[in-house]
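Shown below: query-v2.json, with JSON, C-alpha atoms.
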[["chain", "number", "residue", "atom", "x", "y", "z"],
["A", 1, "MET", "CA", 0.00, 0.00, 0.00],
["A", 2, "ARG", "CA", 1.38, 3.37, -1.06],
["A", 3, "THR", "CA", 0.74, 6.63, 0.86],
["A", 4, "ARG", "CA", 0.09, 9.84, -1.07],
["A", 5, "PRO", "CA", 1.61, 13.05, 0.33],
["A", 6, "ASN", "CA", -0.88, 15.51, 1.76],
["A", 7, "ARG", "CA", -0.69, 18.72, -0.29],
["A", 8, "ALA", "CA", -2.72, 20.76, 2.17],
["A", 9, "LEU", "CA", -0.14, 20.42, 4.93],
["A", 10, "PRO", "CA", 2.43, 22.95, 3.54],
["A", 11, "ALA", "CA", -0.33, 25.54, 3.00],
["A", 12, "ALA", "CA", -1.67, 25.03, 6.53],
["A", 13, "VAL", "CA", 1.82, 25.43, 7.99],
["A", 14, "ALA", "CA", 2.33, 28.70, 6.06],
["A", 15, "VAL", "CA", -1.00, 30.12, 7.26],
["A", 16, "LEU", "CA", -0.27, 29.11, 10.86],
["A", 17, "ALA", "CA", 3.19, 30.70, 10.71],
["A", 18, "ALA", "CA", 1.72, 33.96, 9.39],
["A", 19, "LEU", "CA", -0.88, 34.04, 12.15],
["A", 20, "CYS", "CA", 1.71, 33.36, 14.83],
["A", 21, "ALA", "CA", 3.81, 36.30, 13.62],
["A", 22, "LEU", "CA", 0.96, 38.84, 13.98],
["A", 23, "PRO", "CA", 0.78, 39.06, 17.78],
["A", 24, "VAL", "CA", 4.56, 39.45, 18.03],
["A", 25, "SER", "CA", 4.64, 42.49, 15.74],
["A", 26, "ALA", "CA", 1.59, 44.04, 17.42],
["A", 27, "ALA", "CA", 3.15, 43.58, 20.85],
["A", 28, "THR", "CA", 6.39, 45.16, 19.67],
["A", 29, "ALA", "CA", 4.58, 48.23, 18.32],
["A", 30, "ALA", "CA", 2.63, 48.67, 21.55],
["A", 31, "ALA", "CA", 5.79, 48.49, 23.68],
["A", 32, "HIS", "CA", 6.96, 51.91, 22.44],
["A", 33, "GLU", "CA", 3.87, 53.82, 23.63],
["A", 34, "PRO", "CA", 3.89, 55.29, 27.12],
["A", 35, "ALA", "CA", 1.51, 53.66, 29.57],
["A", 36, "PRO", "CA", -1.63, 55.67, 30.30],
["A", 37, "TYR", "CA", -1.57, 57.52, 33.60],
["A", 38, "ALA", "CA", -4.63, 58.16, 35.74],
["A", 39, "ALA", "CA", -3.68, 61.27, 37.72],
["A", 40, "PRO", "CA", -5.97, 62.78, 40.33],
["A", 41, "ALA", "CA", -8.82, 64.72, 38.76],
["A", 42, "ASP", "CA", -7.84, 67.87, 40.65],
["A", 43, "HIS", "CA", -4.50, 68.05, 38.80],
["A", 44, "PRO", "CA", -4.90, 69.80, 35.43],
["A", 45, "THR", "CA", -3.04, 68.65, 32.35],
["A", 46, "TYR", "CA", -0.09, 70.77, 31.24],
["A", 47, "ILE", "CA", 1.90, 70.88, 28.01],
["A", 48, "VAL", "CA", 5.61, 71.25, 28.82],
["A", 49, "THR", "CA", 8.19, 72.08, 26.15],
["A", 50, "VAL", "CA", 11.89, 71.57, 26.68],
["A", 51, "SER", "CA", 15.01, 72.47, 24.72],
["A", 52, "ARG", "CA", 16.17, 70.01, 22.06],
["A", 53, "ASP", "CA", 19.17, 68.97, 24.15],
["A", 54, "ARG", "CA", 16.94, 67.68, 26.98],
["A", 55, "ASP", "CA", 15.03, 64.38, 27.02],
["A", 56, "PRO", "CA", 11.35, 65.18, 27.72],
["A", 57, "ALA", "CA", 10.74, 61.89, 29.54],
["A", 58, "GLU", "CA", 13.77, 62.51, 31.78],
["A", 59, "VAL", "CA", 12.56, 66.04, 32.63],
["A", 60, "ALA", "CA", 9.16, 64.60, 33.59],
["A", 61, "ARG", "CA", 10.86, 61.98, 35.76],
["A", 62, "LEU", "CA", 12.90, 64.66, 37.55],
["A", 63, "VAL", "CA", 9.71, 66.24, 38.93],
["A", 64, "GLY", "CA", 7.91, 62.94, 39.54],
["A", 65, "ALA", "CA", 5.47, 63.35, 36.64],
["A", 66, "THR", "CA", 4.21, 60.52, 34.45],
["A", 67, "PRO", "CA", 3.71, 61.77, 30.87],
["A", 68, "VAL", "CA", 0.39, 61.13, 29.19],
["A", 69, "HIS", "CA", 2.24, 61.77, 25.93],
["A", 70, "VAL", "CA", 5.82, 62.59, 24.92],
["A", 71, "TYR", "CA", 6.24, 64.92, 21.92],
["A", 72, "ARG", "CA", 9.35, 64.60, 19.76],
["A", 73, "THR", "CA", 8.46, 66.05, 16.34],
["A", 74, "ALA", "CA", 6.49, 69.32, 16.06],
["A", 75, "LEU", "CA", 6.92, 69.96, 19.79],
["A", 76, "HIS", "CA", 9.71, 68.72, 22.00],
["A", 77, "GLY", "CA", 8.22, 68.02, 25.40],
["A", 78, "PHE", "CA", 5.44, 66.17, 27.14],
["A", 79, "ALA", "CA", 1.88, 66.38, 28.43],
["A", 80, "ALA", "CA", 1.12, 65.38, 32.01],
["A", 81, "ARG", "CA", -1.22, 66.04, 34.90],
["A", 82, "LEU", "CA", 0.83, 68.16, 37.29],
["A", 83, "SER", "CA", 0.43, 69.37, 40.84],
["A", 84, "PRO", "CA", 1.25, 73.02, 41.68],
["A", 85, "ALA", "CA", 4.52, 71.85, 43.25],
["A", 86, "GLN", "CA", 5.51, 70.01, 40.05],
["A", 87, "VAL", "CA", 4.72, 73.11, 37.96],
["A", 88, "ALA", "CA", 6.95, 75.22, 40.22],
["A", 89, "ALA", "CA", 9.73, 72.62, 40.02],
["A", 90, "LEU", "CA", 9.55, 72.61, 36.21],
["A", 91, "HIS", "CA", 9.84, 76.40, 36.07],
["A", 92, "ALA", "CA", 13.09, 76.13, 38.05],
["A", 93, "LEU", "CA", 14.69, 73.47, 35.81],
["A", 94, "PRO", "CA", 17.18, 74.56, 33.15],
["A", 95, "GLY", "CA", 16.07, 73.64, 29.64],
["A", 96, "VAL", "CA", 12.34, 73.90, 30.35],
["A", 97, "GLU", "CA", 10.98, 76.42, 27.87],
["A", 98, "THR", "CA", 7.24, 76.57, 28.61],
["A", 99, "VAL", "CA", 4.74, 75.11, 31.06],
["A", 100, "THR", "CA", 1.22, 75.80, 29.82],
["A", 101, "GLU", "CA", -2.07, 74.49, 31.14],
["A", 102, "ASP", "CA", -3.86, 72.51, 28.44],
["A", 103, "GLY", "CA", -7.14, 73.92, 27.19],
["A", 104, "THR", "CA", -9.29, 74.44, 24.14],
["A", 105, "ALA", "CA", -8.75, 77.10, 21.50],
["A", 106, "SER", "CA", -11.22, 78.65, 19.11],
["A", 107, "ALA", "CA", -10.95, 81.03, 16.20],
["A", 108, "GLY", "CA", -12.77, 84.35, 16.76]]
Would you mind writing the structure in this file as structure tokens?
Amino acid sequence: MRTRPNRALPAAVAVLAALCALPVSAATAAAHEPAPYAAPADHPTYIVTVSRDRDPAEVARLVGATPVHVYRTALHGFAARLSPAQVAALHALPGVETVTEDGTASAG
């Protein structure tokens, strides 16, 4: 009795390999995003810009802030919920350019 090779097996292996690769690439992409931070509701969100020679995430760490977002293209800085003490500390740090409370803007 002769056994015929199963032609569906190579196709099934290829599909399975492709499916196994998807979660790995999705997990890698998600690893670069900062973790969301649930700050107390009484702390407003601020946009902080720093000079190009400073690392925005390091500046946030220096004052004990957890960035909601780190900006590295159009702006160079971070957004975070900050206490009044953290705002004062940021104003005293060299390389911090602006500390502005986040809000909405409208045209005339």
Shortest contact to Ser51 in chain A, candidates A:His69, A:Gly77, A:Gln86, A:Glu101, atoms counted all atoms listed in the file, goes to A:Gly77
At a cut-off of 10 Å, using only C-alpha atoms, what residues contact Gly64 in chain A? Leave out same-chain residues fewer than 5 positions from it and give the result as a PyMOL selection string. chain A and resi 58-59+82-83+86+89
Can you work out which one of A:Val50, A:Val96, A:Val63, A:Val68 has the shortest atom-to-atom distance to Pro84 in chain A, counting all atoms listed in the file?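 Using all atoms listed in the file, the shortest distance to Pro84 in chain A belongs to A:Val63.
Closest approach to Phe78 in chain A among A:Asp55, A:Ala65, A:Val48, A:Asp102: A:Val48, based on all atoms listed in the file.
Each of A:Ala80, A:Ala85, A:Val99, A:Leu90 was checked against Thr49 in chain A using only C-alpha atoms; the smallest atom-to-atom distance is that of A:Val99.
Shortest separation to Asp42 in chain A among A:Val87, A:Ser106, A:Arg81, A:Pro94 occurs at residue A:Arg81, atoms counted being only C-alpha atoms.
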Interatomic distance between CA of Ala57 in chain A and CA of Ala105 in chain A?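 Pair CA of Ala57 in chain A / CA of Ala105 in chain A returns 26.0 Å.
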